[in-house]
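K.L.:
CSV, C-alpha atoms, saved as upload_29.csv, coming up:
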chain,number,residue,atom,x,y,z
X,1,MET,CA,-0.8,30.3,7.1
X,2,ALA,CA,0.8,31.0,10.4
X,3,ALA,CA,-1.8,31.9,13.0
X,4,ALA,CA,-1.5,35.3,14.6
X,5,THR,CA,-3.1,36.2,17.9
X,6,LEU,CA,-5.5,39.1,18.0
X,7,THR,CA,-4.2,41.9,20.1
X,8,ALA,CA,-5.2,41.3,23.7
X,9,ALA,CA,-7.5,44.0,25.1
X,10,ALA,CA,-8.4,42.5,28.5
X,11,PRO,CA,-6.4,41.6,31.6
X,12,ALA,CA,-5.5,37.9,31.7
X,13,GLN,CA,-7.8,37.4,34.7
X,14,ALA,CA,-10.8,39.1,33.1
X,15,THR,CA,-13.9,36.9,32.9
X,16,ALA,CA,-17.3,37.5,31.4
X,17,HIS,CA,-20.3,38.2,33.5
X,18,PRO,CA,-21.6,34.8,34.7
X,19,ALA,CA,-25.1,35.5,33.2
X,20,CYS,CA,-23.6,36.3,29.7
X,21,ALA,CA,-23.2,33.4,27.3
X,22,THR,CA,-20.7,34.0,24.5
X,23,PRO,CA,-21.9,32.4,21.2
X,24,GLU,CA,-20.0,29.4,20.0
X,25,LEU,CA,-19.3,29.0,16.2
X,26,ALA,CA,-20.2,25.8,14.5
X,27,ALA,CA,-17.6,23.6,12.9
X,28,GLY,CA,-16.8,23.5,9.1
X,29,TRP,CA,-13.9,25.9,8.9
X,30,TYR,CA,-10.4,25.4,7.5
X,31,GLY,CA,-7.4,24.9,9.9
X,32,ASP,CA,-7.6,27.2,12.9
X,33,ASN,CA,-10.0,29.7,11.3
X,34,ARG,CA,-12.8,28.8,13.6
X,35,ALA,CA,-10.6,29.4,16.6
X,36,ARG,CA,-9.5,32.8,15.2
X,37,LEU,CA,-13.1,33.8,14.6
X,38,GLN,CA,-14.1,32.7,18.0
X,39,GLN,CA,-11.3,34.7,19.5
X,40,LEU,CA,-12.7,37.8,17.7
X,41,ILE,CA,-16.1,37.2,19.2
X,42,ASP,CA,-14.7,36.5,22.6
X,43,GLN,CA,-12.6,39.7,22.6
X,44,TYR,CA,-15.0,42.2,21.0
X,45,GLY,CA,-18.4,40.7,22.0
X,46,ARG,CA,-20.7,42.0,24.7
X,47,CYS,CA,-19.7,39.4,27.2
X,48,ASN,CA,-16.2,40.8,27.5
X,49,PRO,CA,-16.4,43.7,30.0
X,50,TYR,CA,-12.9,44.8,29.0
X,51,ARG,CA,-13.4,44.9,25.2
X,52,PRO,CA,-11.8,47.9,23.5
X,53,SER,CA,-15.0,49.9,23.2
X,54,ARG,CA,-18.5,49.8,24.6
X,55,ASP,CA,-19.8,50.8,21.2
X,56,LYS,CA,-21.0,48.0,19.0
X,57,PRO,CA,-18.1,46.6,17.0
X,58,VAL,CA,-18.7,46.6,13.3
X,59,ALA,CA,-18.4,43.6,10.9
X,60,VAL,CA,-18.8,44.0,7.2
X,61,PHE,CA,-19.3,41.2,4.7
X,62,ASP,CA,-19.2,41.2,0.9
X,63,TRP,CA,-22.1,39.3,-0.5
X,64,ASP,CA,-21.6,37.4,-3.8
X,65,ASN,CA,-19.3,34.4,-3.4
X,66,THR,CA,-18.6,35.4,0.2
X,67,VAL,CA,-22.0,34.8,2.0
X,68,VAL,CA,-23.5,32.9,-0.9
X,69,LYS,CA,-22.1,30.7,-3.6
X,70,ASN,CA,-22.5,32.3,-7.0
X,71,ASP,CA,-23.7,35.8,-7.8
X,72,VAL,CA,-27.2,37.2,-7.0
X,73,GLY,CA,-26.7,40.0,-9.5
X,74,ASP,CA,-26.2,37.4,-12.2
X,75,ALA,CA,-29.2,35.5,-11.0
X,76,THR,CA,-31.3,38.7,-11.2
X,77,MET,CA,-30.0,39.6,-14.7
X,78,PHE,CA,-30.8,36.1,-16.0
X,79,TRP,CA,-34.3,36.2,-14.5
X,80,LEU,CA,-35.0,39.7,-16.0
X,81,LEU,CA,-34.0,38.4,-19.4
X,82,ARG,CA,-36.0,35.2,-19.2
X,83,ASN,CA,-39.0,37.1,-18.0
X,84,GLY,CA,-38.9,40.1,-20.2
X,85,LYS,CA,-38.4,42.8,-17.5
X,86,ILE,CA,-35.8,45.1,-19.0
X,87,ARG,CA,-37.4,48.2,-20.4
X,88,ARG,CA,-36.1,49.4,-23.8
X,89,PRO,CA,-34.3,52.8,-23.4
X,90,ALA,CA,-34.9,55.5,-26.0
X,91,ASP,CA,-31.1,55.5,-26.5
X,92,TRP,CA,-28.8,52.7,-25.2
X,93,LYS,CA,-26.0,55.3,-24.6
X,94,THR,CA,-28.1,56.7,-21.8
X,95,THR,CA,-27.9,53.4,-19.8
X,96,SER,CA,-24.1,53.9,-19.1
X,97,ARG,CA,-21.7,56.8,-19.6
X,98,TYR,CA,-19.1,54.1,-20.3
X,99,LEU,CA,-21.0,52.2,-23.0
X,100,THR,CA,-19.1,52.4,-26.3
X,101,PRO,CA,-20.8,53.4,-29.6
X,102,ALA,CA,-20.2,49.9,-30.9
X,103,ALA,CA,-22.0,48.4,-28.0
X,104,ALA,CA,-24.9,50.9,-28.1
X,105,GLN,CA,-25.3,50.2,-31.8
X,106,ALA,CA,-25.3,46.4,-31.3
X,107,LEU,CA,-27.9,46.6,-28.6
X,108,ALA,CA,-30.1,48.9,-30.7
X,109,THR,CA,-29.9,46.6,-33.7
X,110,ALA,CA,-30.8,43.5,-31.7
X,111,CYS,CA,-33.4,45.0,-29.4
X,112,ASP,CA,-35.0,48.2,-30.6
X,113,PRO,CA,-37.3,46.7,-33.2
X,114,LEU,CA,-38.9,44.6,-30.5
X,115,ALA,CA,-40.5,47.3,-28.3
X,116,LEU,CA,-41.3,50.9,-28.0
X,117,PRO,CA,-39.1,53.1,-25.7
X,118,GLY,CA,-40.0,52.6,-22.0
X,119,THR,CA,-41.7,49.2,-22.6
X,120,PRO,CA,-40.3,45.8,-21.6
X,121,LEU,CA,-38.3,43.9,-24.2
X,122,PRO,CA,-39.6,40.4,-24.9
X,123,THR,CA,-36.2,38.8,-24.2
X,124,GLY,CA,-37.8,35.6,-22.9
X,125,THR,CA,-39.4,34.8,-26.2
X,126,PRO,CA,-37.9,33.2,-29.4
X,127,GLU,CA,-38.1,36.5,-31.3
X,128,GLY,CA,-36.3,38.3,-28.4
X,129,ALA,CA,-33.5,35.7,-28.2
X,130,ALA,CA,-31.0,37.8,-30.1
X,131,CYS,CA,-31.6,40.8,-27.9
X,132,ALA,CA,-31.2,38.6,-24.8
X,133,ASP,CA,-27.9,37.3,-26.2
X,134,GLU,CA,-26.6,40.8,-26.8
X,135,VAL,CA,-27.5,42.1,-23.4
X,136,ALA,CA,-26.1,39.0,-21.7
X,137,ALA,CA,-22.8,39.4,-23.7
X,138,VAL,CA,-22.4,43.0,-22.8
X,139,TYR,CA,-23.1,42.3,-19.2
X,140,GLY,CA,-21.2,39.1,-18.8
X,141,THR,CA,-18.1,39.7,-21.0
X,142,SER,CA,-18.0,43.5,-21.4
X,143,ALA,CA,-18.0,42.9,-25.1
X,144,THR,CA,-20.6,42.6,-27.9
X,145,ARG,CA,-21.4,39.2,-29.5
X,146,THR,CA,-19.0,40.1,-32.3
X,147,GLY,CA,-16.2,40.9,-29.8
X,148,ALA,CA,-16.3,44.7,-29.8
X,149,THR,CA,-15.4,46.4,-26.5
X,150,ALA,CA,-18.5,47.3,-24.7
X,151,PHE,CA,-17.2,49.8,-22.0
X,152,ALA,CA,-14.4,52.3,-22.0
X,153,GLY,CA,-13.0,55.1,-19.9
X,154,TRP,CA,-13.7,54.1,-16.3
X,155,ASP,CA,-11.7,54.1,-13.1
X,156,ARG,CA,-10.8,50.5,-12.2
X,157,ARG,CA,-10.7,51.3,-8.5
X,158,THR,CA,-14.1,52.9,-8.1
X,159,ILE,CA,-16.6,51.3,-10.6
X,160,GLU,CA,-17.1,48.2,-12.7
X,161,PRO,CA,-19.4,49.4,-15.6
X,162,ALA,CA,-21.0,46.0,-16.2
X,163,TYR,CA,-22.0,45.6,-12.5
X,164,ALA,CA,-23.4,49.1,-12.6
X,165,TRP,CA,-25.2,48.5,-15.9
X,166,LEU,CA,-27.4,45.8,-14.4
X,167,THR,CA,-28.5,48.4,-11.8
X,168,GLN,CA,-29.0,51.0,-14.5
X,169,LEU,CA,-31.1,48.6,-16.6
X,170,LEU,CA,-33.6,48.5,-13.8
X,171,GLN,CA,-34.7,51.9,-14.8
X,172,GLY,CA,-38.5,52.5,-14.9
X,173,TRP,CA,-39.3,50.0,-12.1
X,174,THR,CA,-39.9,50.9,-8.5
X,175,PRO,CA,-37.6,49.5,-5.8
X,176,GLY,CA,-40.6,47.3,-4.6
X,177,GLN,CA,-41.0,45.8,-8.0
X,178,VAL,CA,-37.3,45.0,-8.2
X,179,ARG,CA,-37.5,43.4,-4.8
X,180,ALA,CA,-40.3,41.2,-6.2
X,181,PHE,CA,-38.2,40.2,-9.2
X,182,ALA,CA,-35.3,39.4,-6.9
X,183,ALA,CA,-37.5,37.3,-4.6
X,184,ALA,CA,-38.7,35.3,-7.6
X,185,ALA,CA,-35.1,34.7,-8.8
X,186,ARG,CA,-34.1,33.8,-5.3
X,187,THR,CA,-36.8,31.2,-5.0
X,188,GLU,CA,-35.8,29.6,-8.4
X,189,ASN,CA,-32.1,29.6,-7.7
X,190,LEU,CA,-32.3,28.2,-4.2
X,191,ALA,CA,-34.6,25.4,-5.4
X,192,ALA,CA,-32.5,24.4,-8.4
X,193,PRO,CA,-30.0,21.6,-7.8
X,194,ILE,CA,-26.3,22.5,-7.5
X,195,GLY,CA,-24.8,22.6,-11.0
X,196,THR,CA,-28.1,23.6,-12.7
X,197,LYS,CA,-27.8,25.6,-15.9
X,198,GLN,CA,-30.6,27.7,-17.3
X,199,GLN,CA,-31.3,28.9,-20.8
X,200,VAL,CA,-31.0,32.7,-21.4
X,201,GLY,CA,-31.6,33.6,-25.0
X,202,THR,CA,-29.9,30.9,-27.0
X,203,THR,CA,-27.1,30.3,-24.5
X,204,THR,CA,-26.9,28.7,-21.0
X,205,ALA,CA,-26.0,30.3,-17.7
X,206,THR,CA,-25.5,29.4,-14.1
X,207,GLY,CA,-28.9,28.6,-12.6
X,208,TRP,CA,-28.4,28.1,-8.8
X,209,VAL,CA,-27.3,29.9,-5.7
X,210,ARG,CA,-26.7,28.6,-2.1
X,211,TYR,CA,-26.1,30.3,1.2
X,212,TYR,CA,-23.0,29.2,2.9
X,213,ASP,CA,-24.0,27.6,6.2
X,214,GLN,CA,-20.8,28.6,7.9
X,215,GLN,CA,-21.2,32.3,7.0
X,216,ARG,CA,-24.9,32.2,8.1
X,217,ASP,CA,-23.7,30.8,11.4
X,218,LEU,CA,-20.9,33.4,11.7
X,219,ILE,CA,-23.3,36.3,11.0
X,220,LYS,CA,-25.9,35.0,13.5
X,221,ASN,CA,-23.2,34.6,16.2
X,222,LEU,CA,-21.7,38.0,15.6
X,223,GLN,CA,-25.1,39.6,16.0
X,224,ALA,CA,-25.8,37.6,19.1
X,225,ALA,CA,-22.4,38.8,20.5
X,226,GLY,CA,-23.4,42.4,19.9
X,227,PHE,CA,-21.7,43.1,16.6
X,228,ASP,CA,-23.2,45.5,14.2
X,229,VAL,CA,-23.2,43.4,11.0
X,230,TRP,CA,-23.4,45.0,7.5
X,231,ILE,CA,-23.4,43.8,3.9
X,232,SER,CA,-21.5,45.7,1.2
X,233,SER,CA,-22.2,44.4,-2.3
X,234,ALA,CA,-21.7,45.4,-5.9
X,235,SER,CA,-25.1,44.0,-6.8
X,236,PRO,CA,-28.2,46.3,-6.9
X,237,GLN,CA,-29.5,47.5,-3.5
X,238,PRO,CA,-33.0,46.1,-3.7
X,239,VAL,CA,-31.7,42.7,-4.8
X,240,VAL,CA,-29.3,42.3,-1.9
X,241,GLU,CA,-31.9,43.5,0.5
X,242,VAL,CA,-34.0,40.5,-0.5
X,243,TRP,CA,-31.2,38.0,-0.2
X,244,ALA,CA,-29.8,39.4,3.1
X,245,ARG,CA,-33.0,38.6,4.9
X,246,GLY,CA,-31.9,35.0,4.7
X,247,VAL,CA,-29.0,35.6,7.0
X,248,GLY,CA,-30.9,38.0,9.3
X,249,VAL,CA,-29.5,41.2,8.0
X,250,THR,CA,-32.1,43.9,7.5
X,251,ALA,CA,-32.4,46.3,4.6
X,252,ASP,CA,-31.0,49.2,6.6
X,253,HIS,CA,-27.7,47.3,7.0
X,254,VAL,CA,-27.3,46.6,3.3
X,255,ILE,CA,-25.1,48.8,1.0
X,256,GLY,CA,-25.6,47.8,-2.6
X,257,ILE,CA,-25.4,49.8,-5.9
X,258,ARG,CA,-28.1,52.5,-5.5
X,259,ASN,CA,-30.0,54.2,-8.3
X,260,THR,CA,-31.3,57.7,-8.1
X,261,THR,CA,-35.1,57.9,-8.4
X,262,ARG,CA,-37.7,60.0,-10.1
X,263,ASP,CA,-41.4,59.9,-9.2
X,264,GLY,CA,-40.6,56.8,-7.1
X,265,LYS,CA,-39.0,54.9,-10.0
X,266,LEU,CA,-35.4,54.0,-10.6
X,267,THR,CA,-33.4,56.0,-13.1
X,268,THR,CA,-30.3,55.1,-15.1
X,269,HIS,CA,-28.2,57.2,-12.8
X,270,LEU,CA,-26.5,56.2,-9.6
X,271,GLN,CA,-26.2,57.7,-6.2
X,272,GLY,CA,-22.7,59.1,-5.4
X,273,CYS,CA,-20.3,58.9,-2.5
X,274,GLY,CA,-17.5,61.1,-1.2
X,275,SER,CA,-16.5,63.7,-3.8
X,276,VAL,CA,-18.7,62.0,-6.4
X,277,ALA,CA,-22.1,63.6,-6.8
X,278,ASP,CA,-25.4,61.8,-7.5
X,279,GLY,CA,-25.7,61.2,-11.2
X,280,ALA,CA,-21.9,61.3,-11.9
X,281,ASP,CA,-22.1,57.5,-12.1
X,282,SER,CA,-18.4,56.9,-11.3
X,283,MET,CA,-18.3,55.4,-7.8
X,284,ILE,CA,-20.2,52.3,-6.6
X,285,THR,CA,-19.5,49.7,-3.9
X,286,TYR,CA,-16.4,48.5,-5.7
X,287,VAL,CA,-12.8,48.4,-4.5
X,288,ASP,CA,-12.1,51.9,-3.2
X,289,GLY,CA,-15.8,52.7,-3.6
X,290,LYS,CA,-16.6,50.1,-0.9
X,291,ARG,CA,-14.5,52.1,1.6
X,292,CYS,CA,-16.3,55.3,0.7
X,293,TRP,CA,-19.8,53.8,1.0
X,294,ILE,CA,-18.9,52.0,4.3
X,295,ASN,CA,-17.5,55.2,5.7
X,296,LYS,CA,-20.6,57.1,4.6
X,297,GLU,CA,-23.4,54.7,5.6
X,298,VAL,CA,-21.9,52.9,8.6
X,299,PHE,CA,-19.8,55.6,10.2
X,300,GLY,CA,-21.5,58.8,9.0
X,301,VAL,CA,-18.5,60.3,7.2
X,302,ARG,CA,-19.5,62.9,4.6
X,303,GLY,CA,-17.8,64.5,1.7
X,304,ALA,CA,-14.4,63.7,0.3
X,305,ALA,CA,-13.3,62.5,3.7
X,306,ALA,CA,-15.4,59.3,3.1
X,307,GLU,CA,-12.8,58.2,0.5
X,308,LYS,CA,-10.0,58.2,3.0
X,309,VAL,CA,-8.9,55.7,5.6
X,310,GLN,CA,-10.5,56.6,8.9
X,311,PRO,CA,-9.1,56.4,12.5
X,312,ALA,CA,-9.2,52.9,13.9
X,313,ALA,CA,-12.1,53.8,16.2
X,314,ARG,CA,-14.2,54.6,13.1
X,315,ARG,CA,-13.5,51.4,11.1
X,316,GLN,CA,-14.9,47.9,11.0
X,317,VAL,CA,-13.1,45.4,13.3
X,318,PHE,CA,-13.9,42.5,11.0
X,319,ALA,CA,-14.4,42.2,7.2
X,320,ALA,CA,-15.0,39.2,4.9
X,321,GLY,CA,-14.6,39.0,1.1
X,322,ASP,CA,-13.5,36.9,-1.8
X,323,SER,CA,-12.3,39.2,-4.6
X,324,ASP,CA,-10.0,42.0,-5.6
X,325,THR,CA,-13.1,44.1,-5.5
X,326,ASP,CA,-13.0,43.7,-1.7
X,327,VAL,CA,-9.4,44.5,-1.1
X,328,THR,CA,-9.8,48.1,0.2
X,329,PHE,CA,-12.5,47.5,2.8
X,330,LEU,CA,-10.8,44.3,4.0
X,331,ARG,CA,-7.5,46.2,4.5
X,332,ASP,CA,-9.5,48.8,6.6
X,333,ALA,CA,-10.6,46.1,9.1
X,334,THR,CA,-8.7,46.6,12.4
X,335,ALA,CA,-8.8,43.1,14.0
X,336,LEU,CA,-9.4,40.3,11.5
X,337,ARG,CA,-9.9,39.8,7.8
X,338,LEU,CA,-11.5,36.6,6.3
X,339,VAL,CA,-10.8,35.8,2.7
X,340,LEU,CA,-12.5,33.1,0.7
X,341,ASN,CA,-10.0,31.9,-1.9
X,342,ARG,CA,-11.1,32.3,-5.5
X,343,ASN,CA,-7.6,32.8,-6.8
X,344,LYS,CA,-7.9,36.6,-7.2
X,345,ASN,CA,-4.4,38.1,-7.5
X,346,GLU,CA,-4.3,41.2,-5.4
X,347,LEU,CA,-6.5,39.8,-2.7
X,348,MET,CA,-4.5,36.6,-2.3
X,349,CYS,CA,-1.2,38.5,-2.5
X,350,ARG,CA,-2.2,40.5,0.5
X,351,ALA,CA,-3.8,37.7,2.4
X,352,TYR,CA,-0.9,35.3,2.0
X,353,ASP,CA,1.6,38.0,2.7
X,354,ASN,CA,-0.3,38.6,6.0
X,355,SER,CA,2.2,41.3,7.0
X,356,ASP,CA,0.2,42.3,10.1
X,357,GLY,CA,-1.0,38.9,11.1
X,358,LYS,CA,-4.7,39.8,10.7
X,359,TRP,CA,-5.6,37.8,7.5
X,360,ILE,CA,-7.1,34.3,7.5
X,361,VAL,CA,-7.8,32.3,4.3
X,362,ASN,CA,-10.6,29.7,3.8
X,363,PRO,CA,-11.4,27.7,0.7
X,364,MET,CA,-14.8,28.2,-0.7
X,365,PHE,CA,-17.3,26.1,1.2
X,366,ILE,CA,-19.0,24.7,-1.9
X,367,GLU,CA,-16.9,23.7,-5.0
X,368,PRO,CA,-13.6,25.1,-3.7
X,369,LYS,CA,-11.0,26.2,-6.2
X,370,LYS,CA,-8.1,23.8,-6.9
X,371,GLN,CA,-4.6,24.9,-5.9
X,372,LYS,CA,-3.2,27.6,-8.2
X,373,THR,CA,-0.3,25.9,-9.9
X,374,THR,CA,1.8,29.0,-10.4
X,375,PRO,CA,2.6,31.7,-7.8
X,376,TYR,CA,0.5,34.8,-7.6
X,377,PRO,CA,2.3,37.6,-9.5
X,378,CYS,CA,2.5,40.0,-6.6
X,379,SER,CA,5.8,41.5,-7.4
X,380,THR,CA,5.0,42.4,-11.0
X,381,THR,CA,1.3,42.6,-12.1
X,382,GLY,CA,-0.9,41.6,-9.2
X,383,TYR,CA,-2.3,45.2,-8.7
X,384,THR,CA,-4.6,46.9,-11.1
X,385,GLY,CA,-4.2,50.7,-11.2
X,386,HIS,CA,-7.0,53.3,-11.7
X,387,ASP,CA,-6.4,53.3,-15.5
X,388,GLY,CA,-6.2,49.5,-15.7
X,389,THR,CA,-2.4,49.4,-15.8
X,390,PRO,CA,-0.9,46.3,-13.9
X,391,ALA,CA,1.7,47.0,-11.2
X,392,PRO,CA,3.3,45.3,-8.2
X,393,VAL,CA,1.2,44.9,-5.0
X,394,ARG,CA,2.6,47.0,-2.3
X,395,ARG,CA,2.3,47.0,1.5
X,396,ALA,CA,1.2,50.1,3.5
X,397,ASP,CA,4.9,51.0,3.8
X,398,THR,CA,5.2,50.8,0.0
X,399,SER,CA,7.5,47.7,0.0
X,400,VAL,CA,6.6,45.2,-2.8
X,401,ILE,CA,5.0,42.0,-1.8
X,402,PRO,CA,6.9,39.0,-3.2
X,403,ASP,CA,5.1,36.4,-5.3
X,404,GLN,CA,3.0,34.1,-3.1
X,405,THR,CA,2.3,30.4,-3.4
X,406,ASP,CA,-1.3,29.1,-3.1
X,407,THR,CA,-1.5,27.1,0.1
X,408,VAL,CA,-5.2,27.1,1.2
X,409,PHE,CA,-7.5,25.4,-1.3
Show how you would write the structure in this file as structure tokens.
P.N.:
Amino acid sequence: MAAATLTAAAPAQATAHPACATPELAAGWYGDNRARLQQLIDQYGRCNPYRPSRDKPVAVFDWDNTVVKNDVGDATMFWLLRNGKIRRPADWKTTSRYLTPAAAQALATACDPLALPGTPLPTGTPEGAACADEVAAVYGTSATRTGATAFAGWDRRTIEPAYAWLTQLLQGWTPGQVRAFAAAARTENLAAPIGTKQQVGTTTATGWVRYYDQQRDLIKNLQAAGFDVWISSASPQPVVEVWARGVGVTADHVIGIRNTTRDGKLTTHLQGCGSVADGADSMITYVDGKRCWINKEVFGVRGAAAEKVQPAARRQVFAAGDSDTDVTFLRDATALRLVLNRNKNELMCRAYDNSDGKWIVNPMFIEPKKQKTTPYPCSTTGYTGHDGTPAPVRRADTSVIPDQTDTVF
């Protein structure tokens, strides 16, 4: 991609205070990405007396497959199933307003005979294998083992029911207990060799996770330069809190999917954002929902206004992501947007189009994707509408982005 220079904010002769040392990023980046990131730090960091604002500049990272390789939500779900930590609901339909009758019936048939309502299902035992398989199928494929659709009726730009369902299945546990589960899963997945598979029910699933050294270094140096670094993830809040410690981000700077609580325990309902009330269960940290939650938690915007694009002074200067689920909050970043290429249509259409010169693309640091052999369908079906209808990807001025060739892999 053609490099574009960040907008200059300082006079050419400006120099940092001699006692201030600007952090230097480590190597390991594609092309001139390290230089572009370093330029961001130099311009917005605390050592530049002419930076655009004396307030801390905000940087926001997606988590799964952006800061780490693989998905910590998946790692937690598989650990829960292997260790029998999902409590049987009295009625599976109460675990998600989007769960179909077919899925609720399949789950009840496979799981209900194994435990009383409110008690853990023995999904890590031979007799619980069919239940583990059904839960894993609904979570991982949004379908039952027989292929019936598991979720219906959701807004594709504000929630992914399967992601939310993991959070909802944590009902009955306290946040501290869930953090303990996540810590145990983290220990196992970091210790497992790259490529490890684990048995969940009668099937196998990915059994390892790794932090990206380059992203850990970037976060550390952004913090050292005075940036306010946040994580926005569509994995459960207590889970991401545990993992984020490994890159020096504290729990109060993590925005994950958040349950409501009752008597200190998690419920099946979710906290809302913007115009969505607690318990409506229709907006999580997902696509447009990420914008809402960032505006709410980072910038203090309340009510329906949190769903709207904010003035530049109330937006992150930097954002990093890897998926179409990150498109909206990446577009909100005012200075630089880092994309890890996982061949996601809308995200790569926007990143490769690079209409404002603020996008940079990097291959995944571990097991990068091969080059996509066909162009991204930007001009036809690259965008997914609220109801799931595919459409062209459009720029801010509504012009259609032409199909893009994959060039960073």
K.L.:
Could you give me, as a list in words, the residues that have an atom at most 6 Å away from the point (-23.1, 37.6, 27.3) in the coordinates of the file, using only C-alpha atoms?
P.N.:
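The answer, in the requested form, is Cys20, Ala21, Thr22, Arg46 and Cys47 of chain X.
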K.L.:
The selected residues should be written to file as a JSON list (two decimals), in the frame of the given file (atoms: C-alpha atoms).
P.N.:
[["chain", "number", "residue", "atom", "x", "y", "z"],
["X", 20, "CYS", "CA", -23.60, 36.30, 29.70],
["X", 21, "ALA", "CA", -23.20, 33.40, 27.30],
["X", 22, "THR", "CA", -20.70, 34.00, 24.50],
["X", 46, "ARG", "CA", -20.70, 42.00, 24.70],
["X", 47, "CYS", "CA", -19.70, 39.40, 27.20]]
K.L.:
Fewer than 4 positions away in the same chain doesn't count, so skip those; otherwise give me all residues within 7 Å of region 25-38 of chain X, counting all atoms listed in the file, as a list in words.
P.N.:
Asp42, Gln214, Asp217, Leu218, Asn221, Ile360 and Asn362 of chain X
K.L.:
Considering all atoms listed in the file, state which residue in the set X:Thr328, X:Ser323, X:Val242, X:Gly272 is at the smallest distance from Ala304 (chain X).
P.N.:
X:Gly272
K.L.:
With only C-alpha atoms as the atoms that count, which of X:Val67, X:Ala244, X:Ala129, X:Cys349 lies nearest to Pro392 (chain X)?
P.N.:
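Nearest candidate to Pro392 (chain X) out of X:Val67, X:Ala244, X:Ala129, X:Cys349: X:Cys349.
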K.L.:
Region 39-144 of chain X near region 338-343 of chain X within 10 Å: what's each residue's closest atom pair and its distance in Å to one decimal, counting only C-alpha atoms, ordered by chain then ascending residue number, as JSON lines?
P.N.:
{"residue": "X:Phe61", "atom": "CA", "partner": "X:Leu338", "partner_atom": "CA", "distance": 9.2}
{"residue": "X:Asn65", "atom": "CA", "partner": "X:Leu340", "partner_atom": "CA", "distance": 8.0}
{"residue": "X:Thr66", "atom": "CA", "partner": "X:Leu340", "partner_atom": "CA", "distance": 6.5}
{"residue": "X:Val67", "atom": "CA", "partner": "X:Leu340", "partner_atom": "CA", "distance": 9.7}
K.L.:
Set the distance at 9 Å and use all atoms listed in the file: which residues neighbour Trp173 (chain X) once local chain neighbours fewer than 3 positions away are removed? I'd like the list as a list in words.
P.N.:
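My list of contacting residues is Arg87, Leu170, Gly176, Gln177, Val178, Gly264, Lys265, Leu266 and Thr267 of chain X.
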K.L.:
Out of X:Thr144, X:Thr325, X:Thr407, X:Asn295, which residue has the shortest atom-to-atom distance to Thr384 (chain X) when counting only C-alpha atoms?
P.N.:
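Once distances to Thr384 (chain X) are computed over only C-alpha atoms, the minimum belongs to X:Thr325.
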K.L.:
List as a list in words the protein and nucleic acid residues near Ala312 (chain X), meaning an atom at most 12 Å away when all atoms listed in the file are counted, but skip any in the same chain fewer than 2 places from it.
P.N.:
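Listing them by chain and then by number gives Pro52, Ser53, Pro57, Val58, Asn295, Phe299, Val309, Gln310, Arg314, Arg315, Gln316, Val317, Phe318, Arg331, Asp332, Ala333, Thr334 and Ala335 of chain X.
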K.L.:
In Å to one decimal, how far is CA of Ile366 (chain X) from CA of Tyr212 (chain X)?
P.N.:
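About the pair CA of Tyr212 (chain X) and CA of Ile366 (chain X): they are 7.7 Å apart.
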K.L.:
Taking only C-alpha atoms into account, name the residue in X:Arg51, X:Cys273, X:Arg179, X:Phe227 that is nearest to Ala251 (chain X).
P.N.:
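Checking each of X:Arg51, X:Cys273, X:Arg179, X:Phe227 against Ala251 (chain X), counting only C-alpha atoms, the winner is X:Arg179.
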K.L.:
In Å, how far is it from CA of Tyr98 (chain X) to CA of Thr149 (chain X)?
P.N.:
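A separation of 10.6 Å between them.
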K.L.:
Interatomic distance between CA of Arg245 (chain X) and CA of Val229 (chain X)?
P.N.:
12.5 Å
K.L.:
Taking into account all atoms listed in the file, which residue in the set X:Lys69, X:Lys290, X:Thr202, X:Glu307 is nearest to Gln215 (chain X)?
P.N.:
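Nearest to Gln215 (chain X): X:Lys69.
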K.L.:
So, with all atoms listed in the file as the atoms that count, which of X:Phe151, X:Trp63, X:Trp359, X:Phe78 lies closest to Ala103 (chain X)?
P.N.:
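Using all atoms listed in the file, the shortest distance to Ala103 (chain X) belongs to X:Phe151.
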K.L.:
Please provide the set of residues having any atom within 6 Å of Ser233 (chain X), restricted to all atoms listed in the file, with same-chain residues fewer than 2 positions apart removed, written as a PyMOL selection string.
P.N.:
chain X and resi 62-63+235+256
K.L.:
What would the list of residues within 9 Å of (-23.1, 43.8, 12.8) (file frame) look like as a PDB file with C-alpha atoms, keeping the file's coordinate frame, if only C-alpha atoms are what count?
P.N.:
ATOM      1  CA  LYS X  56     -21.000  48.000  19.000  1.00  0.00           C
ATOM      2  CA  PRO X  57     -18.100  46.600  17.000  1.00  0.00           C
ATOM      3  CA  VAL X  58     -18.700  46.600  13.300  1.00  0.00           C
ATOM      4  CA  ALA X  59     -18.400  43.600  10.900  1.00  0.00           C
ATOM      5  CA  VAL X  60     -18.800  44.000   7.200  1.00  0.00           C
ATOM      6  CA  ILE X 219     -23.300  36.300  11.000  1.00  0.00           C
ATOM      7  CA  LEU X 222     -21.700  38.000  15.600  1.00  0.00           C
ATOM      8  CA  GLN X 223     -25.100  39.600  16.000  1.00  0.00           C
ATOM      9  CA  GLY X 226     -23.400  42.400  19.900  1.00  0.00           C
ATOM     10  CA  PHE X 227     -21.700  43.100  16.600  1.00  0.00           C
ATOM     11  CA  ASP X 228     -23.200  45.500  14.200  1.00  0.00           C
ATOM     12  CA  VAL X 229     -23.200  43.400  11.000  1.00  0.00           C
ATOM     13  CA  TRP X 230     -23.400  45.000   7.500  1.00  0.00           C
ATOM     14  CA  ILE X 231     -23.400  43.800   3.900  1.00  0.00           C
ATOM     15  CA  VAL X 249     -29.500  41.200   8.000  1.00  0.00           C
ATOM     16  CA  HIS X 253     -27.700  47.300   7.000  1.00  0.00           C
TER      17      HIS X 253
END
